[in-house]
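Enquirer: Sharing a structure with you now.
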Amino acid sequence: MLPLRCIHPDENLLIGKIIEVDGTHVMVELDSSIEELTRVYNTDVYSIGQFGSILKVYFGDKLLFMFVTRLRLKSEMDADRGNYIPPNEDTRILEADLFGEGSWQIHCNDTDKHCSLNFERGISTYPLPLQKVYLTTSLELKSIYECSHTDAIKIGNYVGAAVPCYANINELFSKHTAILGSTGSGKSATVAALIHAITEYNPGEGKPWLPHIIILDPHNEYQAAFPQAQRLVSDEGTLKLPYWLLNLQELIDLFIGKTEFQATSQTNILKQALVTARREGANTIEFGEEQISVDSPIPFSLTRLVELIEQNKPPQASKQEKHNSIINKIQMLQRDSRLNFLMNQWDSGNDEIEDILAQFISTENTLKVIDLSGIPSDVAGIVSSTIGRLLFLYKLWESPDDRKRDPILLVCEEAHRYVPNRGDAEYSAAQDAIKRIAKEGRKYGLGLLLISQRPSEIEPTVLSQCNSWLVLRLTNSDDQSFVLKFLPDSLAGLAKLLPALRRSEAIFIGQAASIPSRILINHLSEEQLPCSQDISFVTGWSSEGLTQEEINNVAHKWRTQLRGEFDGGASERIDEGD
């Protein structure tokens with residue numbers, strides 16, 4: 001509640017008058033008596049002309065609010081328009097964009113009268129030239145920034161207002177969000193702050209709180225930030241994503257590839273053998289073969305698949321090259337120790353689909369970090385595609401009631417690797433999977449959190465589906481221009497701040513934000529941060545160097561392409577998952 005005197009204009013807050021209105025864009029001439037761009041009012045210090053700061057105009061019983069986008073001299077504006085510039089012209093012009101309006105509600109009780117500000121986004125009334133412009137008080141800012149949703153998490157503080165910034169949980173996660181920022185802008189820390197905030201949220205009334213979050217972690221950053229999370233690692237045996245879970249297109253990408261012209265005949269060879277292998281696998285697990293298709297996640301033997309391709313070879317040796325090419329690729333992938341999680345032979349005869357799903361869909365530990373750092377880049381796209389498709393199809397085949405009880409958030413770190421706009425062949429499957437989640441996931445309770453340091457390299461269709469944005473410092477002009485394409489014209493002024501934002505400072509816009517604003521993300525302690533900080537040369541060079549045993553350990557892991565510890569002498573690797 002605000003004191004009743006706040007309803008009326010206070011001349012101590014007057015800073016100038018409007019000289020031009022162009023739609024939502026307003027130009028204000030600052031009062032010539034203003035010598036410093038700060039003002040103290042009721043012990044609070046207010047900045048005048050700071051980018052993103054909020055001003056107000058009284059219009060009858062309404063207040064119109066605008067955020068500052070530019071401050072310049074009137075002589076510069078006249079020069080741009082080709083007008084005459086009088087000598088000694090030093091008038092200052094402040095440019096701002098209207099974004100919302102409010103009205104006062106008076107409340108009476110037996111002992112007092114007070115009022116509250118009812119704020120709404122959008123403009124229905126426009127100011128007129130010569131109207132006075134005032135600073136917005138801290139009490140009014142709290143009313144503007146106040147989150148009316150009870151289901152909200154604190155993600156930071158508004159810059160310049162010392163008011164907490166809350167984001168609506170449903171708007172933030174069910175309708176997709178993008179976190180964008182250059183290297184060193186605090187991007188990973190922002191992701192960690194969001195996830196910490198959501199895991200620490202309390203719905204009250206003794207209700208359980210099981211936020212189901214799956215993080216695709218390409219650099220093994222998030223283990224440090226979330227030690228309590230279930231880790232799924234390719235070279236530790238904790239991640240199992242068997243080849244038979246892949247659909248036809250993903251298997252074509254894996255066994256045939258698309259780096260060169262993909263022959264239709266090779267696809268037909270694989271498809272024919274795959275159908276037979278899946279049917280035989282269905283019979284083994286006693287699942288009716290008439291119910292399956294070439295894409296059904298039915299286990300099958302790789303050895304049997306190779307045998308079927310061999311059997312289908314034409315008698316002429318000159319025509320066997322296409323068959324041999326597929327067989328050679330399968331055998332080569334099987335020999336790659338980095339791909340054991342993917343290429344291990346199915347020979348148990350058991351239906352393992354429940355164990356595979358339990359890695360990603362379980363209530364024992366709903367926060368899961370999938371470490372993709374040990375996976376070769378030419379397979380990473382297929383792996384991320386399979387995980388995304390698995391989650392989407394799981395949600396698709398759930399009943400409507402089940403979906404309501406089990407929404408999932410997929411966090412896609414380094415999104416430009418998996419959904420690039422370059423059309424790289426090895427990422428085509430991942431693009432299709434993430435695109436489908438972006439377009440349809442919200443209907444089935446599957447949210448998407450995209451993180452990238454190069455937004456201009458992300459597939460535009462995916463990025464355009466995000467309804468909320470946290471944009472940290474962007475220094476690349478291409479990235480700045482790309483982000484502007486997705487923002488309303490009225491927010492172009494805020495985009496000018498992008499190159500100068502501090503670390504962990506962001507422009508927060510979209511449906512999850514009360515208003516478009518500049519915020520400072522929640523501060524995290526050292527143990528809550530991802531392991532993404534740069535290596536300190538001073539610290540490193542002032543410590544003891546590596547021992548010969550440690551160097552040998554590095555060489556061993558380099559040779560085996562695995563990150564497990566080495567005993568120093570034996571040549572066999574030590575795998576935690578074995």
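Residue numbers start at 1 in each chain; chains themselves are named A, B, ... in the order of the structure tokens; ligands are numbered from 1 in the order shown.
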Could you write out, as a ChimeraX atom specification, all the residues of segment 278-464 of chain A that DSSP marks as helix (DSSP H, G or I)?
Expert: /A:278-284,289-291,302-311,317-319,321-335,337-343,353-360,377-397,400-405,415-418,425-444,455-457,460-464
Enquirer: Using the selection just defined, write its residues with C-alpha atoms as a CSV table (one decimal), in the first residue's frame.
Expert:
chain,number,residue,atom,x,y,z
A,278,ARG,CA,13.5,-55.8,-35.2
A,279,ARG,CA,10.8,-58.5,-35.9
A,280,GLU,CA,13.2,-61.2,-34.7
A,281,GLY,CA,13.9,-59.2,-31.6
A,282,ALA,CA,10.2,-58.7,-31.0
A,283,ASN,CA,9.7,-62.4,-31.1
A,284,THR,CA,12.6,-62.9,-28.7
A,289,GLU,CA,6.0,-58.5,-34.5
A,290,GLU,CA,2.8,-57.4,-36.4
A,291,GLN,CA,2.6,-54.4,-34.0
A,302,LEU,CA,23.9,-56.1,-34.3
A,303,THR,CA,25.5,-59.3,-35.3
A,304,ARG,CA,22.2,-60.5,-36.8
A,305,LEU,CA,21.8,-57.1,-38.6
A,306,VAL,CA,25.2,-57.6,-40.2
A,307,GLU,CA,24.3,-61.2,-41.2
A,308,LEU,CA,21.1,-60.0,-42.9
A,309,ILE,CA,23.0,-57.3,-44.8
A,310,GLU,CA,25.5,-60.0,-45.8
A,311,GLN,CA,22.7,-62.3,-47.0
A,317,ALA,CA,31.3,-58.6,-56.3
A,318,SER,CA,31.3,-55.3,-58.1
A,319,LYS,CA,27.9,-54.5,-56.6
A,321,GLU,CA,30.5,-52.2,-52.2
A,322,LYS,CA,27.3,-50.5,-50.7
A,323,HIS,CA,26.7,-53.5,-48.4
A,324,ASN,CA,30.3,-53.7,-47.4
A,325,SER,CA,30.4,-49.9,-46.6
A,326,ILE,CA,27.5,-50.3,-44.1
A,327,ILE,CA,29.0,-53.4,-42.5
A,328,ASN,CA,32.4,-51.7,-42.2
A,329,LYS,CA,30.9,-48.6,-40.6
A,330,ILE,CA,29.0,-50.7,-38.0
A,331,GLN,CA,32.2,-52.7,-37.1
A,332,MET,CA,34.2,-49.5,-36.9
A,333,LEU,CA,31.7,-47.9,-34.5
A,334,GLN,CA,31.8,-51.1,-32.4
A,335,ARG,CA,35.5,-50.9,-32.0
A,337,SER,CA,35.5,-47.6,-26.9
A,338,ARG,CA,34.0,-44.1,-26.5
A,339,LEU,CA,30.7,-45.5,-28.0
A,340,ASN,CA,30.3,-48.5,-25.7
A,341,PHE,CA,27.2,-46.8,-24.2
A,342,LEU,CA,25.7,-46.8,-27.7
A,343,MET,CA,27.1,-49.8,-29.5
A,353,ILE,CA,13.2,-50.6,-22.4
A,354,GLU,CA,12.1,-50.0,-18.8
A,355,ASP,CA,15.7,-49.7,-17.6
A,356,ILE,CA,16.5,-47.3,-20.4
A,357,LEU,CA,13.5,-45.1,-19.6
A,358,ALA,CA,14.2,-45.2,-15.9
A,359,GLN,CA,17.5,-43.3,-16.5
A,360,PHE,CA,15.5,-40.2,-17.7
A,377,SER,CA,31.3,-34.6,-32.0
A,378,ASP,CA,30.1,-36.6,-35.0
A,379,VAL,CA,27.9,-38.7,-32.7
A,380,ALA,CA,26.8,-36.0,-30.3
A,381,GLY,CA,24.1,-34.7,-32.6
A,382,ILE,CA,22.6,-38.2,-32.9
A,383,VAL,CA,22.8,-38.8,-29.1
A,384,SER,CA,21.1,-35.5,-28.3
A,385,SER,CA,18.5,-36.2,-31.0
A,386,THR,CA,17.7,-39.6,-29.5
A,387,ILE,CA,17.3,-38.2,-26.0
A,388,GLY,CA,15.1,-35.3,-27.2
A,389,ARG,CA,13.0,-37.7,-29.3
A,390,LEU,CA,12.7,-40.2,-26.4
A,391,LEU,CA,11.4,-37.6,-24.1
A,392,PHE,CA,9.0,-36.2,-26.6
A,393,LEU,CA,7.5,-39.6,-27.6
A,394,TYR,CA,7.3,-40.6,-23.9
A,395,LYS,CA,5.2,-37.5,-23.3
A,396,LEU,CA,3.2,-38.0,-26.5
A,397,TRP,CA,2.1,-41.5,-25.5
A,400,PRO,CA,-3.6,-36.4,-20.5
A,401,ASP,CA,-3.8,-37.0,-16.7
A,402,ASP,CA,-0.3,-38.4,-16.6
A,403,ARG,CA,1.2,-35.4,-18.4
A,404,LYS,CA,-0.3,-33.1,-15.9
A,405,ARG,CA,1.5,-34.9,-13.1
A,415,ALA,CA,22.3,-25.2,-28.2
A,416,HIS,CA,24.1,-24.0,-31.3
A,417,ARG,CA,25.9,-27.3,-31.3
A,418,TYR,CA,22.7,-29.4,-31.6
A,425,ALA,CA,24.6,-33.2,-41.9
A,426,GLU,CA,25.5,-34.7,-38.5
A,427,TYR,CA,23.1,-32.5,-36.7
A,428,SER,CA,20.0,-33.0,-38.9
A,429,ALA,CA,18.5,-35.5,-36.6
A,430,ALA,CA,19.0,-33.3,-33.5
A,431,GLN,CA,17.5,-30.4,-35.4
A,432,ASP,CA,14.3,-32.3,-36.1
A,433,ALA,CA,14.0,-33.5,-32.5
A,434,ILE,CA,14.5,-30.2,-30.8
A,435,LYS,CA,12.4,-28.4,-33.4
A,436,ARG,CA,9.5,-30.8,-32.6
A,437,ILE,CA,9.9,-30.1,-28.9
A,438,ALA,CA,10.0,-26.3,-29.5
A,439,LYS,CA,6.8,-26.4,-31.7
A,440,GLU,CA,4.7,-29.0,-29.9
A,441,GLY,CA,6.4,-29.8,-26.5
A,442,ARG,CA,4.3,-27.3,-24.5
A,443,LYS,CA,1.1,-29.2,-25.4
A,444,TYR,CA,2.5,-32.4,-23.8
A,455,PRO,CA,22.4,-17.1,-31.0
A,456,SER,CA,23.1,-16.2,-34.6
A,457,GLU,CA,24.1,-19.8,-35.2
A,460,PRO,CA,15.8,-19.6,-36.1
A,461,THR,CA,12.6,-21.8,-36.0
A,462,VAL,CA,13.7,-23.1,-32.6
A,463,LEU,CA,14.7,-19.8,-31.1
A,464,SER,CA,11.5,-18.1,-32.3
Enquirer: Which residues of segment 88-197 of chain A come within 8 Å of segment 507-530 of chain A, and for each one, what is the closest pair of atoms and their distance in Å to one decimal, counting only C-alpha atoms, sorted by chain and residue number, as a Markdown table?
Expert:
| residue | atom | partner | partner_atom | distance |
| --- | --- | --- | --- | --- |
| A:Phe99 | CA | A:Ile515 | CA | 7.9 |
| A:Arg121 | CA | A:Ile515 | CA | 7.2 |
| A:Ile144 | CA | A:Ser514 | CA | 7.8 |
| A:Tyr145 | CA | A:Ser514 | CA | 6.1 |
| A:Glu146 | CA | A:Ser514 | CA | 7.3 |
| A:Cys147 | CA | A:Ser514 | CA | 6.2 |
| A:Lys154 | CA | A:Asn522 | CA | 7.8 |
| A:Ile155 | CA | A:Asn522 | CA | 5.6 |
| A:Gly156 | CA | A:Ile521 | CA | 4.1 |
| A:Asn157 | CA | A:Leu520 | CA | 5.3 |
| A:Tyr158 | CA | A:Ile519 | CA | 4.3 |
| A:Val159 | CA | A:Ile519 | CA | 5.1 |
| A:Cys165 | CA | A:Ile519 | CA | 7.2 |
| A:Tyr166 | CA | A:Ala513 | CA | 7.5 |
| A:Ala167 | CA | A:Ala512 | CA | 5.3 |
| A:Asn168 | CA | A:Ala512 | CA | 5.2 |
| A:Ile169 | CA | A:Ala512 | CA | 7.5 |
| A:Asn170 | CA | A:Ala512 | CA | 7.9 |
| A:Glu171 | CA | A:Ala512 | CA | 4.8 |
| A:Leu172 | CA | A:Ala512 | CA | 5.1 |
| A:Ser188 | CA | A:Pro530 | CA | 6.5 |
| A:Ala189 | CA | A:Leu529 | CA | 5.9 |
| A:Thr190 | CA | A:Ile521 | CA | 6.4 |
| A:Ala192 | CA | A:Leu529 | CA | 6.5 |
| A:Ala193 | CA | A:Asn522 | CA | 6.1 |
Enquirer: Would you output that residue set with N, CA and C atoms, as an mmCIF file, in the first residue's frame?
Expert:
data_model
loop_
_atom_site.group_PDB
_atom_site.id
_atom_site.type_symbol
_atom_site.label_atom_id
_atom_site.label_comp_id
_atom_site.auth_asym_id
_atom_site.auth_seq_id
_atom_site.Cartn_x
_atom_site.Cartn_y
_atom_site.Cartn_z
ATOM 1 N N PHE A 99 5.417 1.652 -21.971
ATOM 2 C CA PHE A 99 5.234 0.204 -21.858
ATOM 3 C C PHE A 99 4.052 -0.206 -20.982
ATOM 4 N N ARG A 121 0.388 -3.953 -18.155
ATOM 5 C CA ARG A 121 1.214 -3.808 -19.355
ATOM 6 C C ARG A 121 0.346 -3.303 -20.495
ATOM 7 N N ILE A 144 5.077 -1.708 -9.689
ATOM 8 C CA ILE A 144 5.206 -2.082 -11.100
ATOM 9 C C ILE A 144 5.871 -3.446 -11.239
ATOM 10 N N TYR A 145 6.956 -3.630 -10.491
ATOM 11 C CA TYR A 145 7.734 -4.855 -10.610
ATOM 12 C C TYR A 145 7.102 -6.037 -9.872
ATOM 13 N N GLU A 146 6.145 -5.723 -9.000
ATOM 14 C CA GLU A 146 5.577 -6.784 -8.182
ATOM 15 C C GLU A 146 4.987 -7.882 -9.041
ATOM 16 N N CYS A 147 5.334 -9.125 -8.725
ATOM 17 C CA CYS A 147 4.807 -10.279 -9.452
ATOM 18 C C CYS A 147 3.487 -10.691 -8.813
ATOM 19 N N LYS A 154 12.202 -16.272 -7.362
ATOM 20 C CA LYS A 154 13.082 -15.105 -7.418
ATOM 21 C C LYS A 154 14.319 -15.482 -8.229
ATOM 22 N N ILE A 155 14.569 -14.730 -9.315
ATOM 23 C CA ILE A 155 15.728 -15.031 -10.159
ATOM 24 C C ILE A 155 16.789 -13.933 -10.099
ATOM 25 N N GLY A 156 16.485 -12.815 -9.446
ATOM 26 C CA GLY A 156 17.464 -11.739 -9.348
ATOM 27 C C GLY A 156 16.858 -10.496 -8.750
ATOM 28 N N ASN A 157 17.506 -9.350 -9.008
ATOM 29 C CA ASN A 157 17.024 -8.050 -8.548
ATOM 30 C C ASN A 157 17.053 -7.068 -9.707
ATOM 31 N N TYR A 158 16.068 -6.187 -9.736
ATOM 32 C CA TYR A 158 16.020 -5.171 -10.778
ATOM 33 C C TYR A 158 17.126 -4.151 -10.568
ATOM 34 N N VAL A 159 17.835 -3.842 -11.627
ATOM 35 C CA VAL A 159 18.928 -2.874 -11.556
ATOM 36 C C VAL A 159 18.346 -1.479 -11.343
ATOM 37 N N CYS A 165 13.328 -9.548 -8.441
ATOM 38 C CA CYS A 165 12.696 -9.904 -9.714
ATOM 39 C C CYS A 165 12.186 -11.336 -9.622
ATOM 40 N N TYR A 166 10.885 -11.508 -9.825
ATOM 41 C CA TYR A 166 10.271 -12.828 -9.799
ATOM 42 C C TYR A 166 9.821 -13.210 -11.207
ATOM 43 N N ALA A 167 9.893 -14.499 -11.479
ATOM 44 C CA ALA A 167 9.459 -15.017 -12.776
ATOM 45 C C ALA A 167 8.423 -16.100 -12.544
ATOM 46 N N ASN A 168 7.342 -16.031 -13.305
ATOM 47 C CA ASN A 168 6.297 -17.032 -13.214
ATOM 48 C C ASN A 168 6.814 -18.373 -13.707
ATOM 49 N N ILE A 169 6.672 -19.417 -12.900
ATOM 50 C CA ILE A 169 7.244 -20.726 -13.218
ATOM 51 C C ILE A 169 6.636 -21.298 -14.491
ATOM 52 N N ASN A 170 5.322 -21.248 -14.610
ATOM 53 C CA ASN A 170 4.673 -21.830 -15.791
ATOM 54 C C ASN A 170 5.066 -21.105 -17.070
ATOM 55 N N GLU A 171 5.086 -19.775 -17.013
ATOM 56 C CA GLU A 171 5.446 -19.011 -18.203
ATOM 57 C C GLU A 171 6.907 -19.228 -18.578
ATOM 58 N N LEU A 172 7.753 -19.384 -17.567
ATOM 59 C CA LEU A 172 9.187 -19.497 -17.809
ATOM 60 C C LEU A 172 9.550 -20.836 -18.431
ATOM 61 N N SER A 188 26.332 -19.609 -17.791
ATOM 62 C CA SER A 188 26.177 -20.856 -17.038
ATOM 63 C C SER A 188 25.741 -20.583 -15.604
ATOM 64 N N ALA A 189 26.242 -19.504 -15.019
ATOM 65 C CA ALA A 189 25.819 -19.142 -13.663
ATOM 66 C C ALA A 189 24.334 -18.781 -13.627
ATOM 67 N N THR A 190 23.845 -18.164 -14.705
ATOM 68 C CA THR A 190 22.421 -17.838 -14.802
ATOM 69 C C THR A 190 21.583 -19.107 -14.858
ATOM 70 N N ALA A 192 22.447 -22.023 -13.666
ATOM 71 C CA ALA A 192 22.508 -22.615 -12.326
ATOM 72 C C ALA A 192 21.590 -21.882 -11.354
ATOM 73 N N ALA A 193 21.547 -20.548 -11.443
ATOM 74 C CA ALA A 193 20.686 -19.768 -10.544
ATOM 75 C C ALA A 193 19.218 -20.120 -10.754
#
Enquirer: List the spatial neighbours of Thr136 of chain A as a list in words - criterion: any atom at most 8 Å away, only C-alpha atoms, same-chain residues fewer than 5 positions off excluded.
Expert: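 Neighbouring residues, sequence-local ones excluded: Leu13, Ile54, Leu55, Lys56 and Leu141 of chain A.
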Enquirer: Would you pick out the contacts of Ser47 of chain A at 10 Å or less, using only C-alpha atoms, so that residues sharing its chain but fewer than 5 positions from it are not included, and give the list as number ranges by chain?
Expert: A: 36-40, 53-54, 135, 160
Enquirer: Quick one: residues within 7 Å of Gly445 of chain A, only C-alpha atoms, excluding same-chain residues fewer than 5 positions away - as a tab-separated table (two decimals) with N, CA, C and O atoms, in the first residue's frame?
Expert:
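For reference, part11.tsv as written:
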chain	number	residue	atom	x	y	z
A	174	SER	N	7.11	-23.75	-19.22
A	174	SER	CA	6.21	-24.48	-20.11
A	174	SER	C	6.18	-23.89	-21.51
A	174	SER	O	5.85	-24.59	-22.47
A	403	ARG	N	0.36	-36.60	-18.04
A	403	ARG	CA	1.15	-35.42	-18.44
A	403	ARG	C	1.05	-34.31	-17.41
A	403	ARG	O	2.02	-33.61	-17.14
A	407	PRO	N	5.37	-33.01	-15.79
A	407	PRO	CA	6.03	-32.16	-16.81
A	407	PRO	C	7.55	-32.26	-16.70
A	407	PRO	O	8.08	-32.48	-15.61
A	408	ILE	N	8.22	-32.09	-17.83
A	408	ILE	CA	9.68	-32.22	-17.88
A	408	ILE	C	10.28	-30.98	-18.53
A	408	ILE	O	9.75	-30.47	-19.53
Enquirer: Could you pull the residues within 12 Å of Gly122 of chain A, counting only C-alpha atoms, minus those fewer than 3 positions along the same chain, as a PDB file with C-alpha atoms, in the first residue's frame?
Expert:
ATOM      1  CA  THR A  24       5.012   4.575 -28.052  1.00  0.00           C
ATOM      2  CA  LEU A  64       1.686   6.337 -18.031  1.00  0.00           C
ATOM      3  CA  PHE A  65       5.063   4.645 -17.576  1.00  0.00           C
ATOM      4  CA  MET A  66       8.026   4.612 -19.953  1.00  0.00           C
ATOM      5  CA  ASP A  97       9.334   4.058 -24.820  1.00  0.00           C
ATOM      6  CA  LEU A  98       5.908   3.689 -23.230  1.00  0.00           C
ATOM      7  CA  PHE A  99       5.234   0.204 -21.858  1.00  0.00           C
ATOM      8  CA  GLY A 100       2.389   0.322 -19.343  1.00  0.00           C
ATOM      9  CA  GLU A 101      -0.106   2.327 -17.351  1.00  0.00           C
ATOM     10  CA  GLY A 102      -1.534   2.338 -13.870  1.00  0.00           C
ATOM     11  CA  PHE A 119      -0.415  -1.597 -12.953  1.00  0.00           C
ATOM     12  CA  THR A 125      -3.857   6.340 -23.664  1.00  0.00           C
ATOM     13  CA  TYR A 126      -1.002   8.370 -25.104  1.00  0.00           C
ATOM     14  CA  SER A 490       9.525  -1.040 -28.683  1.00  0.00           C
ATOM     15  CA  SER A 514       6.419  -8.620 -15.218  1.00  0.00           C
ATOM     16  CA  ILE A 515       7.837  -5.936 -17.535  1.00  0.00           C
ATOM     17  CA  PRO A 516      10.848  -5.819 -19.876  1.00  0.00           C
TER      18      PRO A 516
END
Enquirer: Counting only C-alpha atoms, figure out which residue out of A:Gln249, A:Thr366, A:Asn312, A:Thr199 gets nearest to Arg231 of chain A.
Expert: A:Thr366
Enquirer: Give me, as a PDB file with C-alpha atoms, in the first residue's frame, all polymer residues having an atom no more than 8 Å from Val369 of chain A, counting only C-alpha atoms and skipping those fewer than 6 positions away in the same chain.
Expert:
ATOM      1  CA  ILE A 214      17.186 -32.957 -17.553  1.00  0.00           C
ATOM      2  CA  ILE A 215      20.376 -31.059 -18.472  1.00  0.00           C
ATOM      3  CA  LEU A 216      22.319 -31.824 -21.647  1.00  0.00           C
ATOM      4  CA  ASP A 217      25.810 -30.880 -20.480  1.00  0.00           C
ATOM      5  CA  TYR A 222      27.104 -28.786 -13.919  1.00  0.00           C
ATOM      6  CA  GLN A 223      28.325 -31.622 -11.728  1.00  0.00           C
ATOM      7  CA  ALA A 229      21.813 -34.630  -9.238  1.00  0.00           C
ATOM      8  CA  GLN A 230      21.833 -38.020 -10.904  1.00  0.00           C
ATOM      9  CA  ARG A 231      24.759 -38.053 -13.348  1.00  0.00           C
ATOM     10  CA  LEU A 232      24.487 -39.969 -16.608  1.00  0.00           C
TER      11      LEU A 232
END
Enquirer: One decimal, Å: what's the distance from atom CA of Leu484 of chain A over to atom CA of Asp22 of chain A, could you say?
Expert: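 Going from atom CA of Leu484 of chain A over to atom CA of Asp22 of chain A covers 20.4 Å.
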